[in-house]
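Student: The structure follows.
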Amino acid sequence: MNIKQEVEKLKKEIRRHDHLYYVLDKPSISDREYDLLMRKLEVIEKDNPDLITPDSPTQRVGGRPLEKFAEVTHKIPLLSLDNALNVDELWEFDERMRKALQETGDIEYVCELKIDGLAVSLIYEKGLFVKGSTRGDGMHGEDITENLRTIKAIPLRLDENVSIEVRGEVYLPLKEFYKLNEEREKDGEPLFANPRNAAAGSLRQLDPGITATRPLSMFCYGAVLGKSQILNPKSQKDIIEILKDLGFKMNPNVRVCRGLKAVTDFCEEFEEKRDKLDYEIDGIVVKVNDLAAQKKLGATMKSPRWAIAYKFPPQQKETVIESISVQVGRTGTLTPVAHLKPVRLGGVIVKNSTLHNEDEITRKDIRIGDHVIVQRAGDVIPQVVKVLREKRDESAKTFHMPKHCPVCRGDVYREEGEAAIRCINSSCPAKLKESVRHFASRQAMDIEGIGEALADELVESGLVKDLSGIYYLDKSGILKLERKADKSADNILAAIEASKTRGLDRVMFALGIPNVGRRAAELLAESFGDIDAIIKASDDSLTAIEGIGPKIAASVTAYFKDKPNRHLIERLRKAGVTLQSTVDRRPSTGRLAGKTFVFTGALTEMSREEAEQLVRSLGGKAASSVSKSTDYVVAGAEPGSKYDKAEKLGVKILSEQRFISLLGS
């Protein structure tokens, strides 16, 4: 046996033991024997560096620290799931599935535990792990390949020579979470609030060496197979078995359930068992098992129609309200926050709870010093659900919302019919600080160096009086700030300069227009091309864009009607910020150029997503709501309210067959 063959044999043997230990939880050798195998491979590779390959077990912590994570665009979005908050909503989901699939009998579902971790994507090319990323906003994530390589439950090389994208949930086992927090407490470091927070923080370390010290693991739950000739699943359960055979760690608590009664039985079973697991779950994921049915059902922009997450009821604990403060948000809303005697709730140390608004405090008769019941479900902010009045004593104090903004001392205003009290001072530092943080954040203008602390300093010092002020900073001003040297000032100015060319979609998101998230900002930039066209756009032309509903449209038009906001745009333009789209516009030529389509009801020849894509490929637009500017409404089986609105507005209604005829060949 030559040296190359020996290396390959060692790598294969170590991979086998990694799979037995980290995936199957069935180690067959002692830790010492495993360490000796690794030591032998390390020695050979050190003497023969040309034999080191990316899939070698020795390369799990081979990456150098990064300056920042690169952005990844998911070719197929990592969609989130719609939630069912009770059993009745599960039955409604089942009814929708049977109606859409025209199924009179029971549907076969696959039930899986909803792991409370961090969703990631793993890409393999010809069996080799080449890229891993976070879910992010579903469309864009962060490249965390080097950090994922440190997780031994993730194979670096598959036994089969296949190209595949695998999706799963990275988590921190509970026993490891408690151990990690004990160590951090001894070292005087801040504790992680919960296992999910610890897992996310570990994966977002710029130094993979730090991630490698965290005992993370991963359960896989799905895959994008492409046109693989080797893998040909017919069902969700087939995908699970394929991934298991390829060497991925799969959660053992998966069950195929015929009909909703079997599904609800599974949900009830694991609601009782959840506290006995060594990882956190917050519900059950229910998926239609048949892949052909999944394709027919399709997806909305945010969620697949063929799956739903049944969320377990919130967990509750008793604690005491020690004080109440008021926070001022980016839109000026004053939010009362209860500061609680710390209590562990659902794996989280709860110290604060939102009290929402003045009406909520009055309705629940919440006072400082009260014993209360707080609840938390998943990532929902902890809430006070009940005051234990029988435990109230004379020391309990009534809380009153302030008459002036607690930050700027400016006037506050409550609009008739609204619960929110807002600071009306457009120059309020609290509003501006939050806006600057958002504007400079990674998904917005991505200005490295302007984080929470610097945003506060820039506003408090008066260097930034509105968002455009960021682009009028100079070195002398930055150097006056605390702990800012020449190099850091140069780096900040370079990052600001680089951000000018991010493009219109980033600017639209960075402005912080209510209801305009990252995807909506992209759609607006892609459809209109420059900010002047968006400023002039009517509600009807905005809602004609697929994914832009009336609420978003109203927010956009209201924002640009405001004179100070238009002045801000001009200051950004003068500073050299790109206010045009940097992405390709949708096709303006083709058989359907200039025509807007809206789909309603279930289609039989294709999914709604396929139909919308056909419209776009032929130069048309596929909108989500009906307006006067809609040219056609295509009605499938059991159309909804869009059909009625089309009739009312006189919009032409097409059957699916007439739509297909319109498309031509």
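Following the order of the structure tokens, first chain is A, next is B, and so on, with residues numbered from 1 inside each chain and ligands from 1 in the order they appear.
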For range 302-316 of chain A, find every residue with an atom within 7 Å (counting only C-alpha atoms), except residues of its own chain fewer than 4 positions away, and show them as JSON, numbers by chain.

Tutor: {"A": [79, 80, 81, 82, 83, 84, 85, 271, 282, 283, 284, 285, 286, 287, 288, 294, 297, 298, 345, 346, 373, 374, 375, 376, 377]}

Student: Excluding same-chain residues fewer than 4 positions from range 250-257 of chain A, what lies within 10 Å of it counting only C-alpha atoms, as number ranges by chain?

Tutor: A: 23-24, 106-113, 115, 153, 168, 218-222, 236-237, 240-241, 243-244, 261-266, 270, 284-289

Student: Can you tell me which residues surround range 210-214 of chain A at a distance of at most 7 Å, considering only C-alpha atoms, apart from same-chain residues fewer than 3 positions away, and format the answer as a JSON list (two decimals) with C-alpha atoms, in the first residue's frame?

Tutor:
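What follows is the written file part39.json:
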```json
[["chain", "number", "residue", "atom", "x", "y", "z"],
["A", 61, "VAL", "CA", -10.88, 23.79, 11.44],
["A", 147, "ASN", "CA", -17.88, 27.28, 10.51],
["A", 150, "THR", "CA", -16.32, 22.24, 12.17],
["A", 202, "SER", "CA", -21.48, 30.11, 17.53],
["A", 203, "LEU", "CA", -22.17, 29.86, 13.79],
["A", 205, "GLN", "CA", -18.15, 33.66, 14.72],
["A", 207, "ASP", "CA", -13.06, 32.75, 13.58]]
```
